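**Q** Next up, protein_8.cif (mmCIF, C-alpha atoms).
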```
data_run
loop_
_atom_site.group_PDB
_atom_site.id
_atom_site.type_symbol
_atom_site.label_atom_id
_atom_site.label_comp_id
_atom_site.auth_asym_id
_atom_site.auth_seq_id
_atom_site.Cartn_x
_atom_site.Cartn_y
_atom_site.Cartn_z
ATOM 1 C CA MET W 1378 7.102 -45.685 29.395
ATOM 2 C CA ASN W 1379 9.666 -45.534 32.243
ATOM 3 C CA GLY W 1380 12.310 -46.933 29.891
ATOM 4 C CA TYR W 1381 11.543 -44.145 27.404
ATOM 5 C CA PHE W 1382 12.041 -41.396 29.978
ATOM 6 C CA LYS W 1383 15.316 -42.999 31.176
ATOM 7 C CA TRP W 1384 16.539 -43.058 27.569
ATOM 8 C CA LEU W 1385 15.496 -39.400 27.040
ATOM 9 C CA HIS W 1386 17.215 -38.344 30.285
ATOM 10 C CA ARG W 1387 20.409 -40.191 29.315
ATOM 11 C CA LEU W 1388 20.359 -38.641 25.839
ATOM 12 C CA CYS W 1389 20.047 -35.112 27.291
ATOM 13 C CA CYS W 1390 22.837 -35.725 29.830
ATOM 14 C CA ASP W 1391 25.171 -37.168 27.182
ATOM 15 C CA GLY W 1392 24.480 -34.219 24.884
ATOM 16 C CA LEU W 1393 25.187 -31.698 27.665
ATOM 17 C CA SER W 1394 28.443 -33.482 28.564
ATOM 18 C CA ARG W 1395 29.637 -33.323 24.973
ATOM 19 C CA LEU W 1396 28.649 -29.640 24.751
ATOM 20 C CA LEU W 1397 30.676 -28.750 27.861
ATOM 21 C CA LYS W 1398 33.645 -30.839 26.700
ATOM 22 C CA ASP W 1399 33.695 -29.129 23.301
ATOM 23 C CA ASN W 1400 33.285 -25.657 24.843
ATOM 24 C CA PRO W 1401 35.702 -25.389 27.809
ATOM 25 C CA ASP W 1402 34.854 -21.712 28.318
ATOM 26 C CA HIS W 1403 31.370 -22.781 29.440
ATOM 27 C CA ASN W 1404 32.369 -25.516 31.910
ATOM 28 C CA ASP W 1405 31.459 -23.366 34.883
ATOM 29 C CA ILE W 1406 27.783 -22.738 34.360
ATOM 30 C CA ASP W 1407 27.250 -20.997 37.707
ATOM 31 C CA LYS W 1408 29.926 -18.398 36.980
ATOM 32 C CA SER W 1409 28.628 -17.698 33.509
ATOM 33 C CA ALA W 1410 25.245 -16.837 34.962
ATOM 34 C CA ASP W 1411 26.811 -13.889 36.798
ATOM 35 C CA LYS W 1412 28.377 -12.467 33.681
ATOM 36 C CA THR W 1413 26.721 -9.791 31.565
ATOM 37 C CA PRO W 1414 25.004 -11.558 28.669
ATOM 38 C CA HIS W 1415 26.455 -10.989 25.234
ATOM 39 C CA ILE W 1416 24.283 -8.576 23.267
ATOM 40 C CA VAL W 1417 24.066 -9.128 19.532
ATOM 41 C CA ARG W 1418 23.755 -5.678 18.008
ATOM 42 C CA PRO W 1419 21.950 -5.107 14.714
ATOM 43 C CA PRO W 1420 24.124 -4.814 11.650
ATOM 44 C CA ILE W 1421 25.018 -1.561 9.921
ATOM 45 C CA ILE W 1422 22.748 -1.230 6.924
ATOM 46 C CA ALA W 1423 23.970 0.824 3.989
ATOM 47 C CA TYR W 1424 21.443 2.571 1.822
ATOM 48 C CA GLY W 1425 21.231 5.326 -0.732
ATOM 49 C CA SER W 1426 23.799 6.342 -3.337
ATOM 50 C CA GLY W 1427 27.463 6.962 -2.777
ATOM 51 C CA THR W 1428 26.919 10.707 -2.732
ATOM 52 C CA GLY W 1429 23.691 10.987 -0.829
ATOM 53 C CA GLY W 1430 23.151 8.404 1.869
ATOM 54 C CA GLY W 1431 25.627 6.556 4.008
ATOM 55 C CA ALA W 1432 25.180 3.941 6.690
ATOM 56 C CA ARG W 1433 22.709 3.722 9.538
ATOM 57 C CA ALA W 1434 22.605 1.321 12.474
ATOM 58 C CA GLY W 1435 19.666 -0.974 12.987
ATOM 59 C CA LEU W 1436 16.556 -1.916 11.105
ATOM 60 C CA PHE W 1437 14.003 0.806 10.591
ATOM 61 C CA ARG W 1438 10.290 0.212 10.620
ATOM 62 C CA THR W 1439 7.931 0.787 7.773
ATOM 63 C CA PRO W 1440 5.491 3.727 7.879
ATOM 64 C CA ILE W 1441 2.711 1.807 9.542
ATOM 65 C CA SER W 1442 4.831 -0.368 11.745
ATOM 66 C CA GLY W 1443 5.216 1.554 14.989
ATOM 67 C CA GLY W 1444 8.636 0.684 16.301
ATOM 68 C CA VAL W 1445 11.214 2.552 18.310
ATOM 69 C CA GLN W 1446 10.926 6.260 19.015
ATOM 70 C CA SER W 1447 14.357 7.047 17.562
ATOM 71 C CA ALA W 1448 13.304 5.680 14.193
ATOM 72 C CA THR W 1449 10.060 7.643 14.406
ATOM 73 C CA SER W 1450 11.751 10.980 15.015
ATOM 74 C CA ALA W 1451 14.755 10.433 12.739
ATOM 75 C CA HIS W 1452 12.757 9.413 9.698
ATOM 76 C CA GLY W 1453 9.503 11.322 10.036
ATOM 77 C CA LEU W 1454 7.379 8.225 10.574
ATOM 78 C CA PRO W 1455 3.972 8.104 12.257
ATOM 79 C CA ARG W 1456 3.818 7.463 15.986
ATOM 80 C CA PRO W 1457 2.992 3.847 16.915
ATOM 81 C CA ALA W 1458 -0.638 4.671 17.800
ATOM 82 C CA LEU W 1459 -1.181 6.402 14.457
ATOM 83 C CA ALA W 1460 0.666 3.625 12.652
ATOM 84 C CA VAL W 1461 -1.740 1.044 14.097
ATOM 85 C CA ARG W 1462 -4.806 3.183 13.277
ATOM 86 C CA ASN W 1463 -3.603 3.481 9.673
ATOM 87 C CA LEU W 1464 -3.047 -0.269 9.533
ATOM 88 C CA MET W 1465 -6.554 -0.944 10.846
ATOM 89 C CA GLU W 1466 -7.971 1.222 8.074
ATOM 90 C CA GLN W 1467 -5.914 -0.313 5.289
ATOM 91 C CA ALA W 1468 -6.289 -3.993 6.190
ATOM 92 C CA ARG W 1469 -9.544 -5.776 5.420
ATOM 93 C CA PHE W 1470 -8.888 -9.216 6.883
ATOM 94 C CA ALA W 1471 -7.332 -10.487 10.111
ATOM 95 C CA HIS W 1472 -6.736 -13.608 12.192
ATOM 96 C CA LEU W 1473 -9.105 -13.922 15.148
ATOM 97 C CA CYS W 1474 -8.071 -16.189 18.007
ATOM 98 C CA THR W 1475 -10.837 -17.276 20.405
ATOM 99 C CA VAL W 1476 -10.982 -19.768 23.277
ATOM 100 C CA MET W 1477 -12.607 -23.096 22.406
ATOM 101 C CA SER W 1478 -15.808 -23.492 24.407
ATOM 102 C CA ARG W 1479 -16.979 -26.450 26.485
ATOM 103 C CA MET W 1480 -19.213 -27.671 23.681
ATOM 104 C CA HIS W 1481 -16.098 -28.810 21.810
ATOM 105 C CA HIS W 1482 -15.268 -31.374 24.501
ATOM 106 C CA ARG W 1483 -11.606 -32.414 24.311
ATOM 107 C CA ARG W 1484 -10.694 -29.173 22.520
ATOM 108 C CA GLU W 1485 -12.057 -26.995 25.327
ATOM 109 C CA GLY W 1486 -9.670 -24.222 26.390
ATOM 110 C CA TYR W 1487 -7.431 -24.418 23.337
ATOM 111 C CA PRO W 1488 -6.979 -21.289 21.192
ATOM 112 C CA PHE W 1489 -8.910 -21.390 17.933
ATOM 113 C CA GLY W 1490 -7.697 -19.292 15.006
ATOM 114 C CA SER W 1491 -9.880 -18.198 12.128
ATOM 115 C CA LEU W 1492 -9.671 -15.743 9.263
ATOM 116 C CA VAL W 1493 -12.267 -12.958 9.446
ATOM 117 C CA ASP W 1494 -13.026 -9.646 7.798
ATOM 118 C CA PHE W 1495 -13.553 -6.535 9.914
ATOM 119 C CA ALA W 1496 -14.025 -2.776 9.894
ATOM 120 C CA ALA W 1497 -12.746 -0.283 12.460
ATOM 121 C CA ASP W 1498 -15.214 2.179 13.995
ATOM 122 C CA PRO W 1499 -14.259 5.845 14.685
ATOM 123 C CA MET W 1500 -12.484 4.791 17.916
ATOM 124 C CA GLY W 1501 -10.501 2.078 16.157
ATOM 125 C CA HIS W 1502 -12.502 -0.757 17.731
ATOM 126 C CA PRO W 1503 -12.990 -3.600 15.242
ATOM 127 C CA ILE W 1504 -16.497 -4.529 14.130
ATOM 128 C CA PHE W 1505 -17.190 -8.033 12.831
ATOM 129 C CA SER W 1506 -20.010 -9.725 10.972
ATOM 130 C CA PHE W 1507 -20.401 -13.301 12.225
ATOM 131 C CA SER W 1508 -22.595 -16.227 11.358
ATOM 132 C CA PRO W 1509 -24.210 -17.930 14.360
ATOM 133 C CA LEU W 1510 -22.997 -21.243 12.916
ATOM 134 C CA ALA W 1511 -19.295 -20.302 13.005
ATOM 135 C CA ILE W 1512 -17.111 -21.869 15.690
ATOM 136 C CA HIS W 1513 -15.571 -18.514 16.628
ATOM 137 C CA THR W 1514 -19.069 -17.071 17.166
ATOM 138 C CA ARG W 1515 -19.971 -19.850 19.575
ATOM 139 C CA ASN W 1516 -16.646 -19.444 21.348
ATOM 140 C CA LEU W 1517 -17.168 -15.707 21.863
ATOM 141 C CA LEU W 1518 -20.662 -16.175 23.219
ATOM 142 C CA ALA W 1519 -19.184 -18.482 25.869
ATOM 143 C CA ASP W 1520 -15.996 -16.454 26.502
ATOM 144 C CA PRO W 1521 -15.587 -12.976 24.928
ATOM 145 C CA ARG W 1522 -11.784 -12.897 25.374
ATOM 146 C CA CYS W 1523 -9.832 -12.972 22.133
ATOM 147 C CA THR W 1524 -6.978 -11.503 20.139
ATOM 148 C CA LEU W 1525 -7.051 -10.054 16.636
ATOM 149 C CA VAL W 1526 -3.869 -10.201 14.555
ATOM 150 C CA VAL W 1527 -3.835 -7.688 11.700
ATOM 151 C CA GLN W 1528 -1.031 -7.565 9.156
ATOM 152 C CA ILE W 1529 -0.110 -5.100 6.471
ATOM 153 C CA PRO W 1530 -1.720 -5.791 3.063
ATOM 154 C CA GLY W 1531 0.827 -7.191 0.642
ATOM 155 C CA TRP W 1532 2.467 -9.249 3.390
ATOM 156 C CA SER W 1533 5.649 -10.942 2.185
ATOM 157 C CA SER W 1534 7.907 -11.570 5.193
ATOM 158 C CA LEU W 1535 8.467 -11.068 8.906
ATOM 159 C CA SER W 1536 9.890 -7.620 8.172
ATOM 160 C CA ASN W 1537 6.338 -6.420 7.500
ATOM 161 C CA ALA W 1538 4.124 -4.672 10.038
ATOM 162 C CA ARG W 1539 1.477 -6.391 12.141
ATOM 163 C CA VAL W 1540 -0.447 -5.744 15.330
ATOM 164 C CA THR W 1541 -2.106 -7.943 17.951
ATOM 165 C CA ILE W 1542 -5.130 -6.415 19.681
ATOM 166 C CA PHE W 1543 -6.340 -7.995 22.918
ATOM 167 C CA GLY W 1544 -9.950 -7.476 23.904
ATOM 168 C CA ASP W 1545 -13.477 -8.693 24.593
ATOM 169 C CA VAL W 1546 -15.946 -9.146 21.740
ATOM 170 C CA PHE W 1547 -19.705 -8.996 22.316
ATOM 171 C CA PRO W 1548 -22.741 -9.062 20.009
ATOM 172 C CA LEU W 1549 -24.228 -5.644 19.389
ATOM 173 C CA THR W 1550 -27.809 -4.985 20.413
ATOM 174 C CA GLU W 1551 -30.570 -4.979 17.839
ATOM 175 C CA ASP W 1552 -30.734 -1.179 17.733
ATOM 176 C CA GLN W 1553 -26.966 -1.016 17.036
ATOM 177 C CA GLN W 1554 -26.984 -3.460 14.114
ATOM 178 C CA GLU W 1555 -27.859 -0.795 11.529
ATOM 179 C CA TRP W 1556 -25.107 1.523 12.803
ATOM 180 C CA ALA W 1557 -22.576 -1.320 12.575
ATOM 181 C CA HIS W 1558 -23.802 -2.220 9.097
ATOM 182 C CA LYS W 1559 -23.029 1.304 7.853
ATOM 183 C CA GLN W 1560 -19.528 1.135 9.339
ATOM 184 C CA TYR W 1561 -18.975 -2.226 7.710
ATOM 185 C CA ILE W 1562 -20.179 -1.515 4.189
ATOM 186 C CA ALA W 1563 -18.233 1.769 4.127
ATOM 187 C CA LYS W 1564 -15.123 -0.413 4.050
ATOM 188 C CA HIS W 1565 -16.279 -3.594 2.300
ATOM 189 C CA HIS W 1566 -18.909 -2.016 0.013
ATOM 190 C CA GLN W 1567 -21.215 -4.984 0.478
ATOM 191 C CA GLY W 1568 -22.842 -6.362 3.583
ATOM 192 C CA PRO W 1569 -22.197 -10.062 4.243
ATOM 193 C CA SER W 1570 -25.923 -10.735 4.713
ATOM 194 C CA GLN W 1571 -26.449 -9.698 1.093
ATOM 195 C CA GLN W 1572 -23.974 -12.318 0.010
ATOM 196 C CA TRP W 1573 -24.223 -15.273 2.363
ATOM 197 C CA GLY W 1574 -27.348 -15.138 4.538
ATOM 198 C CA ASN W 1575 -27.906 -14.378 8.218
ATOM 199 C CA PHE W 1576 -25.013 -12.557 9.851
ATOM 200 C CA TYR W 1577 -24.921 -10.474 13.021
ATOM 201 C CA TYR W 1578 -22.593 -7.681 13.995
ATOM 202 C CA PHE W 1579 -20.200 -7.963 16.916
ATOM 203 C CA ARG W 1580 -17.771 -5.378 18.313
ATOM 204 C CA MET W 1581 -14.619 -5.538 20.386
ATOM 205 C CA GLN W 1582 -16.112 -3.438 23.171
ATOM 206 C CA ASN W 1583 -13.071 -3.474 25.460
ATOM 207 C CA ILE W 1584 -9.495 -3.243 24.217
ATOM 208 C CA SER W 1585 -7.130 -4.376 26.962
ATOM 209 C CA ASP W 1586 -3.775 -4.246 25.116
ATOM 210 C CA ILE W 1587 -2.206 -3.468 21.756
ATOM 211 C CA TYR W 1588 1.076 -5.126 20.796
ATOM 212 C CA PHE W 1589 2.703 -3.746 17.671
ATOM 213 C CA ILE W 1590 5.545 -5.286 15.643
ATOM 214 C CA GLY W 1591 7.064 -3.227 12.876
ATOM 215 C CA GLY W 1592 9.509 -5.845 11.652
ATOM 216 C CA PHE W 1593 12.682 -7.318 13.097
ATOM 217 C CA GLY W 1594 13.627 -5.663 16.391
ATOM 218 C CA THR W 1595 10.896 -3.001 16.383
ATOM 219 C CA VAL W 1596 8.118 -3.597 18.898
ATOM 220 C CA ALA W 1597 5.856 -1.377 20.981
ATOM 221 C CA TRP W 1598 2.977 -1.684 23.439
ATOM 222 C CA VAL W 1599 0.633 1.040 22.240
ATOM 223 C CA ASP W 1600 -1.208 3.295 24.673
ATOM 224 C CA ILE W 1601 -4.894 2.420 24.348
ATOM 225 C CA LYS W 1602 -6.237 5.911 25.115
ATOM 226 C CA GLU W 1603 -3.962 7.456 22.498
ATOM 227 C CA TYR W 1604 -5.025 4.821 19.988
ATOM 228 C CA GLU W 1605 -8.731 5.434 20.631
ATOM 229 C CA THR W 1606 -8.495 9.218 20.298
ATOM 230 C CA ILE W 1607 -6.044 9.632 17.414
ATOM 231 C CA ARG W 1608 -7.405 10.107 13.922
ATOM 232 C CA PRO W 1609 -5.952 7.969 11.113
ATOM 233 C CA ASP W 1610 -4.407 9.705 8.127
ATOM 234 C CA LYS W 1611 -7.061 10.817 5.646
ATOM 235 C CA ILE W 1612 -5.377 9.060 2.740
ATOM 236 C CA ALA W 1613 -5.346 5.805 4.737
ATOM 237 C CA ILE W 1614 -9.133 6.025 5.114
ATOM 238 C CA ASP W 1615 -10.131 7.277 1.672
ATOM 239 C CA GLY W 1616 -9.577 4.872 -1.187
ATOM 240 C CA GLY W 1617 -7.302 2.429 0.621
ATOM 241 C CA GLU W 1618 -6.678 -0.573 -1.599
ATOM 242 C CA GLN W 1619 -7.948 1.209 -4.715
ATOM 243 C CA ASN W 1620 -5.462 4.056 -4.176
ATOM 244 C CA LEU W 1621 -2.579 1.591 -4.025
ATOM 245 C CA LYS W 1622 -3.746 -0.111 -7.234
ATOM 246 C CA GLU W 1623 -3.825 3.216 -9.047
ATOM 247 C CA LEU W 1624 -0.421 4.275 -7.702
ATOM 248 C CA ASN W 1625 1.119 0.957 -8.717
ATOM 249 C CA ALA W 1626 -0.331 1.211 -12.222
ATOM 250 C CA MET W 1627 1.153 4.675 -12.610
ATOM 251 C CA PHE W 1628 4.467 4.483 -10.731
ATOM 252 C CA SER W 1629 5.612 0.856 -10.597
ATOM 253 C CA LYS W 1630 7.698 1.049 -13.771
ATOM 254 C CA PRO W 1631 9.422 4.428 -13.145
ATOM 255 C CA LEU W 1632 9.994 3.432 -9.519
ATOM 256 C CA LYS W 1633 11.636 0.168 -10.587
ATOM 257 C CA GLU W 1634 13.874 2.105 -12.997
ATOM 258 C CA LEU W 1635 14.843 4.514 -10.229
ATOM 259 C CA LEU W 1636 15.724 1.727 -7.801
ATOM 260 C CA SER W 1637 17.618 -0.170 -10.492
ATOM 261 C CA MET W 1638 20.101 2.697 -10.640
ATOM 262 C CA GLU W 1639 21.392 1.458 -7.263
ATOM 263 C CA THR W 1640 21.012 -2.308 -7.640
ATOM 264 C CA GLU W 1641 19.202 -4.776 -9.863
ATOM 265 C CA VAL W 1642 15.481 -4.792 -9.065
ATOM 266 C CA ASP W 1643 12.892 -7.099 -10.641
ATOM 267 C CA ASP W 1644 9.748 -5.550 -9.213
ATOM 268 C CA ALA W 1645 8.628 -2.682 -6.976
ATOM 269 C CA ALA W 1646 5.120 -2.209 -5.590
ATOM 270 C CA PHE W 1647 3.451 0.169 -3.145
ATOM 271 C CA ILE W 1648 1.913 -1.716 -0.230
ATOM 272 C CA SER W 1649 0.894 1.182 2.050
ATOM 273 C CA ILE W 1650 0.701 4.946 2.150
ATOM 274 C CA ASP W 1651 0.313 7.573 4.868
ATOM 275 C CA SER W 1652 0.582 11.349 5.049
ATOM 276 C CA LYS W 1653 4.392 11.300 5.310
ATOM 277 C CA GLY W 1654 5.387 8.668 2.780
ATOM 278 C CA THR W 1655 4.838 5.241 1.350
ATOM 279 C CA ASP W 1656 6.086 1.674 1.812
ATOM 280 C CA ILE W 1657 7.485 -0.174 -1.165
ATOM 281 C CA ARG W 1658 7.908 -3.933 -1.457
ATOM 282 C CA VAL W 1659 11.015 -4.560 -3.565
ATOM 283 C CA ARG W 1660 11.682 -7.912 -5.189
ATOM 284 C CA GLN W 1661 15.133 -9.028 -6.282
ATOM 285 C CA GLY W 1662 15.163 -12.438 -7.912
ATOM 286 C CA ALA W 1663 12.467 -15.037 -7.421
ATOM 287 C CA GLN W 1664 11.990 -14.892 -3.647
ATOM 288 C CA VAL W 1665 14.122 -12.054 -2.240
ATOM 289 C CA PHE W 1666 11.886 -9.302 -0.837
ATOM 290 C CA ASN W 1667 12.623 -6.253 1.260
ATOM 291 C CA ILE W 1668 10.594 -3.262 2.372
ATOM 292 C CA GLN W 1669 11.812 0.261 1.669
ATOM 293 C CA ARG W 1670 10.479 3.632 2.737
ATOM 294 C CA LEU W 1671 9.974 6.503 0.312
ATOM 295 C CA SER W 1672 9.435 9.684 2.337
ATOM 296 C CA PHE W 1673 7.708 12.733 0.950
ATOM 297 C CA ASP W 1674 9.404 16.114 1.215
ATOM 298 C CA GLU W 1675 9.830 17.277 4.791
ATOM 299 C CA GLY W 1676 6.863 19.293 6.006
ATOM 300 C CA TYR W 1677 4.678 18.040 3.152
ATOM 301 C CA ALA W 1678 1.595 16.122 4.367
ATOM 302 C CA VAL W 1679 -0.383 14.181 1.755
ATOM 303 C CA GLU W 1680 -4.151 13.851 2.229
ATOM 304 C CA THR W 1681 -5.545 12.911 -1.180
ATOM 305 C CA LEU W 1682 -4.615 10.578 -4.019
ATOM 306 C CA GLU W 1683 -3.885 13.509 -6.334
ATOM 307 C CA GLU W 1684 -1.527 15.032 -3.757
ATOM 308 C CA ALA W 1685 0.220 11.674 -3.450
ATOM 309 C CA LYS W 1686 0.695 11.462 -7.226
ATOM 310 C CA SER W 1687 2.136 14.969 -7.313
ATOM 311 C CA ALA W 1688 4.534 14.260 -4.433
ATOM 312 C CA LEU W 1689 5.704 10.977 -5.983
ATOM 313 C CA TRP W 1690 6.316 12.482 -9.428
ATOM 314 C CA LYS W 1691 8.354 15.216 -7.780
ATOM 315 C CA LEU W 1692 10.544 12.679 -5.979
ATOM 316 C CA ILE W 1693 10.967 10.367 -8.950
ATOM 317 C CA ASN W 1694 11.756 13.170 -11.372
ATOM 318 C CA ARG W 1695 14.459 14.439 -9.031
ATOM 319 C CA GLY W 1696 15.825 10.928 -8.628
ATOM 320 C CA ARG W 1697 15.708 11.177 -4.838
ATOM 321 C CA VAL W 1698 17.217 7.775 -4.060
ATOM 322 C CA CYS W 1699 18.507 9.180 -0.777
ATOM 323 C CA ASN W 1700 14.900 9.259 0.448
ATOM 324 C CA LEU W 1701 14.786 5.451 0.350
ATOM 325 C CA GLN W 1702 15.343 3.939 3.776
ATOM 326 C CA LYS W 1703 15.365 0.284 4.584
#
```
Will you turn the file into structure tokens for me?
**A**
Amino acid sequence: MNGYFKWLHRLCCDGLSRLLKDNPDHNDIDKSADKTPHIVRPPIIAYGSGTGGGARAGLFRTPISGGVQSATSAHGLPRPALAVRNLMEQARFAHLCTVMSRMHHRREGYPFGSLVDFAADPMGHPIFSFSPLAIHTRNLLADPRCTLVVQIPGWSSLSNARVTIFGDVFPLTEDQQEWAHKQYIAKHHQGPSQQWGNFYYFRMQNISDIYFIGGFGTVAWVDIKEYETIRPDKIAIDGGEQNLKELNAMFSKPLKELLSMETEVDDAAFISIDSKGTDIRVRQGAQVFNIQRLSFDEGYAVETLEEAKSALWKLINRGRVCNLQK
């Protein structure tokens, strides 16, 4: 084993020597540490038509992706707290990461990831339905600390929105099980016990942090109190996935034709909607995806599916390509 470490040390030293020889500007490592680090700025992204559009700096978040305040104000996007609340309403599944308990012997203390379904209560706290046989259930009973990673439905790349919620999950008392069941079936339309057997409801009672990523370069730590008190957009609560299916059936073709006026587009699909606009996943070629924002008219807040249809027909009929923002 000692011979291996000597070989590894020699390999690292030889590699560093070659690096310094090939890059004379970096020979003095101590001096370079005092210099201001080089900042790689985001590229200028052109969008829109030649007559209505132009160029903007940076990457802008999607409607439910939180992100920087300048993007929020400049493009009429929801605040990060509202963006996360909308995401929690629209997503049905998430990745739960618990701490492996002592009963798992050599795996004790390691993070354990599992895919779970959930529903958010009126305060935005996730409610789960767990089997007592599941590993994550046993882990939580031993150590309630966990994280929940929720991503936007229709996920296609790292440019999509996701949120990590840190908190403590506990089983609900017997008298709270019925309340939790109503919250759960309102979103999933069928209780897990009806489908699989004995399940019990748990809730993330304490939220300690919320870390929101809206794509490349757009991150935010969300204020917990604001998150717990803000109301999600009505259209994000009502209908959810079914609304998106209906909008895609009605608008996918005319939307693709509209986008194809700017560049060749093979497919366009709505992946989220809020009161101020909608996110569109655009496919060019076999595997090239990007997310674009279609904003409703300024000052126009959509609450129902019918209002969304009316607003979208208005934009498409006017050919408002300038409303599309990457």
**Q** Could you jot down the CA of Ile1612 (chain W) to CA of Tyr1577 (chain W) separation for me, Å, one decimal place?
**A**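 CA of Tyr1577 (chain W) lies 29.5 Å from CA of Ile1612 (chain W).
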**Q** Residues at most 8 Å from region 1540-1550 of chain W, counting all atoms listed in the file, excluding those fewer than 2 positions away in the same chain, as a VMD selection string?
**A** chain W and resid 1461 1517 to 1518 1521 to 1528 1538 1552 to 1554 1577 to 1590
**Q** Extract, using only C-alpha atoms, all DNA, RNA and protein residues at most 10 Å from Thr1606 (chain W), discarding same-chain residues fewer than 4 positions from it, and format them as a list of chain:residue names.
**A** W:Ala1458, W:Leu1459, W:Arg1462, W:Pro1499, W:Met1500, W:Gly1501, W:Ile1601, W:Lys1602
**Q** Can you spell out as a PDB file with C-alpha atoms, in the coordinates of the input the set of residues that the PyMOL selection byres ((chain W and resi 1617) around 12) selects in the structure I just provided?
**A**
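Result saved to result.pdb:
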```pdb
ATOM      1  CA  ASN W1463      -3.603   3.481   9.673  1.00  0.00           C
ATOM      2  CA  LEU W1464      -3.047  -0.269   9.533  1.00  0.00           C
ATOM      3  CA  MET W1465      -6.554  -0.944  10.846  1.00  0.00           C
ATOM      4  CA  GLU W1466      -7.971   1.222   8.074  1.00  0.00           C
ATOM      5  CA  GLN W1467      -5.914  -0.313   5.289  1.00  0.00           C
ATOM      6  CA  ALA W1468      -6.289  -3.993   6.190  1.00  0.00           C
ATOM      7  CA  ARG W1469      -9.544  -5.776   5.420  1.00  0.00           C
ATOM      8  CA  ILE W1529      -0.110  -5.100   6.471  1.00  0.00           C
ATOM      9  CA  PRO W1530      -1.720  -5.791   3.063  1.00  0.00           C
ATOM     10  CA  ALA W1563     -18.233   1.769   4.127  1.00  0.00           C
ATOM     11  CA  LYS W1564     -15.123  -0.413   4.050  1.00  0.00           C
ATOM     12  CA  HIS W1565     -16.279  -3.594   2.300  1.00  0.00           C
ATOM     13  CA  PRO W1609      -5.952   7.969  11.113  1.00  0.00           C
ATOM     14  CA  ASP W1610      -4.407   9.705   8.127  1.00  0.00           C
ATOM     15  CA  LYS W1611      -7.061  10.817   5.646  1.00  0.00           C
ATOM     16  CA  ILE W1612      -5.377   9.060   2.740  1.00  0.00           C
ATOM     17  CA  ALA W1613      -5.346   5.805   4.737  1.00  0.00           C
ATOM     18  CA  ILE W1614      -9.133   6.025   5.114  1.00  0.00           C
ATOM     19  CA  ASP W1615     -10.131   7.277   1.672  1.00  0.00           C
ATOM     20  CA  GLY W1616      -9.577   4.872  -1.187  1.00  0.00           C
ATOM     21  CA  GLU W1618      -6.678  -0.573  -1.599  1.00  0.00           C
ATOM     22  CA  GLN W1619      -7.948   1.209  -4.715  1.00  0.00           C
ATOM     23  CA  ASN W1620      -5.462   4.056  -4.176  1.00  0.00           C
ATOM     24  CA  LEU W1621      -2.579   1.591  -4.025  1.00  0.00           C
ATOM     25  CA  LYS W1622      -3.746  -0.111  -7.234  1.00  0.00           C
ATOM     26  CA  GLU W1623      -3.825   3.216  -9.047  1.00  0.00           C
ATOM     27  CA  LEU W1624      -0.421   4.275  -7.702  1.00  0.00           C
ATOM     28  CA  PHE W1647       3.451   0.169  -3.145  1.00  0.00           C
ATOM     29  CA  ILE W1648       1.913  -1.716  -0.230  1.00  0.00           C
ATOM     30  CA  SER W1649       0.894   1.182   2.050  1.00  0.00           C
ATOM     31  CA  ILE W1650       0.701   4.946   2.150  1.00  0.00           C
ATOM     32  CA  ASP W1651       0.313   7.573   4.868  1.00  0.00           C
ATOM     33  CA  GLU W1680      -4.151  13.851   2.229  1.00  0.00           C
ATOM     34  CA  THR W1681      -5.545  12.911  -1.180  1.00  0.00           C
ATOM     35  CA  LEU W1682      -4.615  10.578  -4.019  1.00  0.00           C
TER      36      LEU W1682
END
```
**Q** For each of W:Asp1520, W:Phe1470, W:Arg1479, W:Arg1515, take the minimum atom-to-atom distance to Ala1497 (chain W), counting all atoms listed in the file, then give the residue where this is smallest.
**A** W:Phe1470
**Q** Could you tell me how far CA of Ala1663 (chain W) sits from CA of Ala1626 (chain W), in Å to one decimal place?
**A**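 Answer for the CA of Ala1626 (chain W) to CA of Ala1663 (chain W) separation: 21.2 Å.
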**Q** For CA of Phe1495 (chain W) and CA of Trp1556 (chain W), determine how far apart the two atoms are, in Å to one decimal place.
**A**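 Atom-to-atom, CA of Phe1495 (chain W) to CA of Trp1556 (chain W), that is 14.4 Å.
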**Q** What lies within 9 Å of region 1483-1489 of chain W using only C-alpha atoms, ignoring chain neighbours under 4 positions off, as a list in words?
**A**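 In the requested format, the answer is Leu1473, Cys1474, Thr1475, Val1476, Met1477, Ser1478, Arg1479, Ile1512, His1513, Asn1516 and Cys1523 of chain W.
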